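Here is coords.pdb, consisting of PDB, C-alpha atoms:
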```pdb
MODEL        1
ATOM      1  CA  MET A   1       0.000   0.000   0.000
ATOM      2  CA  ILE A   2       2.863   2.379   0.734
ATOM      3  CA  VAL A   3       4.350   1.871  -2.738
ATOM      4  CA  HIS A   4       0.961   2.537  -4.330
ATOM      5  CA  ASN A   5       0.576   5.771  -2.358
ATOM      6  CA  CYS A   6       4.062   6.886  -3.364
ATOM      7  CA  ILE A   7       3.304   6.231  -7.036
ATOM      8  CA  GLU A   8       0.032   8.163  -6.810
ATOM      9  CA  ALA A   9       1.808  11.068  -5.098
ATOM     10  CA  LEU A  10       4.441  11.131  -7.849
ATOM     11  CA  ALA A  11       1.723  11.054 -10.514
ATOM     12  CA  ARG A  12       0.011  14.013  -8.837
ATOM     13  CA  ILE A  13       3.252  16.000  -8.835
ATOM     14  CA  VAL A  14       3.840  15.292 -12.534
ATOM     15  CA  LEU A  15       0.227  16.173 -13.362
ATOM     16  CA  GLY A  16       0.447  19.394 -11.343
ATOM     17  CA  ASP A  17       3.637  20.444 -13.125
ATOM     18  CA  ALA A  18       2.001  19.759 -16.499
ATOM     19  CA  MET A  19      -1.074  21.793 -15.546
ATOM     20  CA  LEU A  20       1.069  24.731 -14.454
ATOM     21  CA  GLU A  21       2.952  24.644 -17.756
ATOM     22  CA  LEU A  22      -0.260  24.479 -19.785
ATOM     23  CA  ARG A  23      -1.736  27.415 -17.822
ATOM     24  CA  ARG A  24       1.465  29.401 -18.443
ATOM     25  CA  GLN A  25       0.840  28.844 -22.146
ATOM     26  CA  GLY A  26      -2.677  30.241 -21.766
ATOM     27  CA  PHE A  27      -4.731  27.045 -21.978
ATOM     28  CA  LEU A  28      -8.015  26.766 -20.090
ATOM     29  CA  ILE A  29      -8.179  23.663 -17.874
ATOM     30  CA  PRO A  30     -11.824  23.159 -16.902
ATOM     31  CA  LEU A  31     -11.302  19.651 -15.503
ATOM     32  CA  HIS A  32      -8.671  17.206 -14.338
ATOM     33  CA  THR A  33      -8.712  13.812 -12.679
ATOM     34  CA  TYR A  34      -5.943  11.914 -10.956
ATOM     35  CA  ASP A  35      -4.306  11.102 -14.310
ATOM     36  CA  GLU A  36      -6.035  13.309 -16.904
ATOM     37  CA  ILE A  37      -6.001  16.935 -17.934
ATOM     38  CA  VAL A  38      -8.865  18.328 -19.980
ATOM     39  CA  LEU A  39      -8.293  21.424 -22.100
ATOM     40  CA  CYS A  40     -10.994  23.551 -23.659
ATOM     41  CA  VAL A  41      -9.846  24.961 -27.010
ATOM     42  CA  CYS A  42     -11.422  26.110 -30.265
ATOM     43  CA  ASP A  43     -11.318  23.776 -33.264
ATOM     44  CA  GLU A  44      -8.480  25.735 -34.872
ATOM     45  CA  SER A  45      -6.256  25.228 -31.801
ATOM     46  CA  VAL A  46      -6.622  21.462 -31.396
ATOM     47  CA  ASP A  47      -3.304  20.540 -33.029
ATOM     48  CA  ASN A  48      -1.440  23.184 -31.014
ATOM     49  CA  ALA A  49      -3.120  22.002 -27.810
ATOM     50  CA  LYS A  50      -2.258  18.370 -28.533
ATOM     51  CA  ALA A  51       1.402  19.271 -29.087
ATOM     52  CA  ALA A  52       1.500  21.333 -25.886
ATOM     53  CA  MET A  53      -0.211  18.544 -23.932
ATOM     54  CA  LEU A  54       2.230  15.939 -25.256
ATOM     55  CA  LYS A  55       5.230  18.034 -24.252
ATOM     56  CA  ALA A  56       3.815  19.007 -20.847
ATOM     57  CA  MET A  57       2.740  15.485 -19.906
ATOM     58  CA  THR A  58       5.935  13.725 -21.033
ATOM     59  CA  THR A  59       8.536  16.126 -19.636
ATOM     60  CA  PRO A  60      10.011  14.548 -16.505
ATOM     61  CA  PRO A  61      10.697  16.722 -13.460
ATOM     62  CA  GLU A  62      14.230  18.097 -13.068
ATOM     63  CA  TRP A  63      14.784  16.034  -9.927
ATOM     64  CA  MET A  64      13.974  12.755 -11.760
ATOM     65  CA  PRO A  65      15.138  13.251 -15.359
ATOM     66  CA  ASP A  66      15.014   9.543 -16.245
ATOM     67  CA  LEU A  67      11.370   9.101 -15.218
ATOM     68  CA  PRO A  68       9.634   7.382 -18.147
ATOM     69  CA  LEU A  69       6.402   9.189 -19.009
ATOM     70  CA  ALA A  70       3.861   8.487 -21.730
ATOM     71  CA  VAL A  71       0.469   9.917 -22.611
ATOM     72  CA  LYS A  72      -2.574   9.109 -24.731
ATOM     73  CA  ILE A  73      -4.268  12.181 -26.165
ATOM     74  CA  GLY A  74      -7.860  12.132 -27.325
ATOM     75  CA  THR A  75     -10.024  14.885 -28.722
ATOM     76  CA  GLY A  76     -13.736  15.437 -28.972
ATOM     77  CA  LYS A  77     -16.536  17.952 -28.678
ATOM     78  CA  ARG A  78     -17.502  16.362 -25.368
ATOM     79  CA  TYR A  79     -15.446  14.797 -22.594
ATOM     80  CA  GLY A  80     -16.767  11.312 -23.321
ATOM     81  CA  ASP A  81     -15.844  11.612 -27.006
ATOM     82  CA  ALA A  82     -12.221  12.368 -26.151
ATOM     83  CA  LYS A  83     -11.662   9.069 -24.365
TER      84      LYS A  83
ENDMDL
END
```

Spell out the structure here as structure tokens.
Amino acid sequence: MIVHNCIEALARIVLGDAMLELRRQGFLIPLHTYDEIVLCVCDESVDNAKAAMLKAMTTPPEWMPDLPLAVKIGTGKRYGDAK
């Protein structure tokens, strides 16, 4: 149980860093879960948002540069469509 809690805490730190970076870039984050970030963008900005999300979610923290990170990015007009 301790290992699981440590992994979840690390995931939250990585997610928080990604959200801060996306906000710095001006993206609106209306929702997030323990392992997801939802952005709200216009149709013309989807490709830019996907690229920003990929970079933000796969950049390891400075204090753990070898941390392997991966992400699946979905898009849709509604949250359920993006899954």

message: Report as an NGL selection string all protein, DNA and RNA residues lying within 10 Å of Ala11 of chain A, evaluated on all atoms listed in the file, omitting residues in the same chain fewer than 4 positions from it.
response: :A and (5-7 or 15-17 or 34-35 or 69)

message: Using all atoms listed in the file for the distances, tell me which of A:Arg24, A:His32, A:Lys77, A:His4 is nearest to Ala56 of chain A.
response: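 Comparing A:Arg24, A:His32, A:Lys77, A:His4 against Ala56 of chain A, the winner is A:Arg24.
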
Shell of 12 Å around Met64 of chain A, only C-alpha atoms, local chain residues under 6 positions omitted, as a PyMOL selection string: chain A and resi 10+13-14

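The shortest atom-to-atom distance to Asn48 of chain A, with only C-alpha atoms taken into account, belongs to A:Gly26 out of A:Ile2, A:Leu67, A:Gly26, A:Glu36.
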
field: For Tyr79 of chain A: contacts at 10 Å, all atoms listed in the file, fewer than 4 positions along chain excluded, given as a list in words
entry: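 The contact residues come out as Leu31, Val38, Leu39, Cys40, Gly74, Thr75 and Lys83 of chain A.
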
- prompt: Quick one, how far is atom CA of Met19 of chain A from atom CA of Met57 of chain A?
  reply: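 One can read the atom CA of Met19 of chain A to atom CA of Met57 of chain A distance as 8.6 Å.
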
Matched chain/residue IDs from the PyMOL selection byres ((chain A and resi 52) around 12), as a list in words: Ala18, Met19, Leu20, Glu21, Leu22, Arg23, Arg24, Gln25, Gly26, Phe27, Ile37, Leu39, Val41, Ser45, Val46, Asp47, Asn48, Ala49, Lys50, Ala51, Met53, Leu54, Lys55, Ala56, Met57, Thr58, Thr59, Val71 and Ile73 of chain A

task: Select, from A:Ala9, A:Ala70, A:Leu28, A:Val3, the residue with the minimum atom-to-atom distance to Cys42 of chain A, counting all atoms listed in the file.
output: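 Looking at the shortest contact to Cys42 of chain A, the residue is A:Leu28.
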
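Here atom CA of Arg78 of chain A is placed at a distance of 14.0 Å from atom CA of Ile29 of chain A.
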
task: Check the smallest atom-to-atom distance from each of A:Glu62, A:Pro68, A:Ala82, A:Gly76 to Asp43 of chain A using only C-alpha atoms, then report the winner.
output: A:Gly76

Return as AutoDock Vina command-line options the box centre and box size in Å, one decimal, for an axis-aligned box around all listed atoms of segment 41-54 of chain A padded by 4 Å per side.
```
--center_x -4.6 --center_y 21.0 --center_z -29.4 --size_x 21.7 --size_y 18.2 --size_z 18.9
```

Please, could N, CA and C atoms be added to segment 4-26 of chain A and the result written as a PDB file, in the frame of the given file?
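File written: part-v7.pdb
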```pdb
ATOM      1  N   HIS A   4       2.071   1.993  -3.541  1.00  0.00           N
ATOM      2  CA  HIS A   4       0.961   2.537  -4.330  1.00  0.00           C
ATOM      3  C   HIS A   4       0.746   4.020  -4.016  1.00  0.00           C
ATOM      4  N   ASN A   5       0.756   4.364  -2.755  1.00  0.00           N
ATOM      5  CA  ASN A   5       0.576   5.771  -2.358  1.00  0.00           C
ATOM      6  C   ASN A   5       1.708   6.644  -2.873  1.00  0.00           C
ATOM      7  N   CYS A   6       2.917   6.131  -2.844  1.00  0.00           N
ATOM      8  CA  CYS A   6       4.062   6.886  -3.364  1.00  0.00           C
ATOM      9  C   CYS A   6       3.936   7.114  -4.860  1.00  0.00           C
ATOM     10  N   ILE A   7       3.499   6.103  -5.589  1.00  0.00           N
ATOM     11  CA  ILE A   7       3.304   6.231  -7.036  1.00  0.00           C
ATOM     12  C   ILE A   7       2.210   7.254  -7.341  1.00  0.00           C
ATOM     13  N   GLU A   8       1.116   7.198  -6.605  1.00  0.00           N
ATOM     14  CA  GLU A   8       0.032   8.163  -6.810  1.00  0.00           C
ATOM     15  C   GLU A   8       0.485   9.581  -6.480  1.00  0.00           C
ATOM     16  N   ALA A   9       1.291   9.742  -5.453  1.00  0.00           N
ATOM     17  CA  ALA A   9       1.808  11.068  -5.098  1.00  0.00           C
ATOM     18  C   ALA A   9       2.718  11.592  -6.203  1.00  0.00           C
ATOM     19  N   LEU A  10       3.560  10.736  -6.745  1.00  0.00           N
ATOM     20  CA  LEU A  10       4.441  11.131  -7.849  1.00  0.00           C
ATOM     21  C   LEU A  10       3.625  11.518  -9.078  1.00  0.00           C
ATOM     22  N   ALA A  11       2.592  10.737  -9.368  1.00  0.00           N
ATOM     23  CA  ALA A  11       1.723  11.054 -10.514  1.00  0.00           C
ATOM     24  C   ALA A  11       1.058  12.413 -10.322  1.00  0.00           C
ATOM     25  N   ARG A  12       0.653  12.717  -9.112  1.00  0.00           N
ATOM     26  CA  ARG A  12       0.011  14.013  -8.837  1.00  0.00           C
ATOM     27  C   ARG A  12       0.989  15.167  -9.030  1.00  0.00           C
ATOM     28  N   ILE A  13       2.228  14.970  -8.642  1.00  0.00           N
ATOM     29  CA  ILE A  13       3.252  16.000  -8.835  1.00  0.00           C
ATOM     30  C   ILE A  13       3.485  16.241 -10.323  1.00  0.00           C
ATOM     31  N   VAL A  14       3.618  15.173 -11.089  1.00  0.00           N
ATOM     32  CA  VAL A  14       3.840  15.292 -12.534  1.00  0.00           C
ATOM     33  C   VAL A  14       2.642  15.971 -13.191  1.00  0.00           C
ATOM     34  N   LEU A  15       1.438  15.564 -12.807  1.00  0.00           N
ATOM     35  CA  LEU A  15       0.227  16.173 -13.362  1.00  0.00           C
ATOM     36  C   LEU A  15       0.152  17.655 -13.002  1.00  0.00           C
ATOM     37  N   GLY A  16       0.468  17.995 -11.770  1.00  0.00           N
ATOM     38  CA  GLY A  16       0.447  19.394 -11.343  1.00  0.00           C
ATOM     39  C   GLY A  16       1.433  20.243 -12.123  1.00  0.00           C
ATOM     40  N   ASP A  17       2.639  19.716 -12.331  1.00  0.00           N
ATOM     41  CA  ASP A  17       3.637  20.444 -13.125  1.00  0.00           C
ATOM     42  C   ASP A  17       3.140  20.664 -14.551  1.00  0.00           C
ATOM     43  N   ALA A  18       2.526  19.640 -15.136  1.00  0.00           N
ATOM     44  CA  ALA A  18       2.001  19.759 -16.499  1.00  0.00           C
ATOM     45  C   ALA A  18       0.889  20.801 -16.560  1.00  0.00           C
ATOM     46  N   MET A  19       0.015  20.807 -15.564  1.00  0.00           N
ATOM     47  CA  MET A  19      -1.074  21.793 -15.546  1.00  0.00           C
ATOM     48  C   MET A  19      -0.530  23.205 -15.415  1.00  0.00           C
ATOM     49  N   LEU A  20       0.468  23.402 -14.580  1.00  0.00           N
ATOM     50  CA  LEU A  20       1.069  24.731 -14.454  1.00  0.00           C
ATOM     51  C   LEU A  20       1.677  25.193 -15.773  1.00  0.00           C
ATOM     52  N   GLU A  21       2.351  24.287 -16.470  1.00  0.00           N
ATOM     53  CA  GLU A  21       2.952  24.644 -17.756  1.00  0.00           C
ATOM     54  C   GLU A  21       1.882  24.983 -18.788  1.00  0.00           C
ATOM     55  N   LEU A  22       0.823  24.207 -18.832  1.00  0.00           N
ATOM     56  CA  LEU A  22      -0.260  24.479 -19.785  1.00  0.00           C
ATOM     57  C   LEU A  22      -0.949  25.808 -19.477  1.00  0.00           C
ATOM     58  N   ARG A  23      -1.139  26.118 -18.203  1.00  0.00           N
ATOM     59  CA  ARG A  23      -1.736  27.415 -17.822  1.00  0.00           C
ATOM     60  C   ARG A  23      -0.812  28.566 -18.208  1.00  0.00           C
ATOM     61  N   ARG A  24       0.497  28.367 -18.038  1.00  0.00           N
ATOM     62  CA  ARG A  24       1.465  29.401 -18.443  1.00  0.00           C
ATOM     63  C   ARG A  24       1.353  29.696 -19.933  1.00  0.00           C
ATOM     64  N   GLN A  25       0.994  28.676 -20.701  1.00  0.00           N
ATOM     65  CA  GLN A  25       0.840  28.844 -22.146  1.00  0.00           C
ATOM     66  C   GLN A  25      -0.538  29.397 -22.520  1.00  0.00           C
ATOM     67  N   GLY A  26      -1.385  29.616 -21.530  1.00  0.00           N
ATOM     68  CA  GLY A  26      -2.677  30.241 -21.766  1.00  0.00           C
ATOM     69  C   GLY A  26      -3.836  29.292 -21.999  1.00  0.00           C
TER      70      GLY A  26
END
```
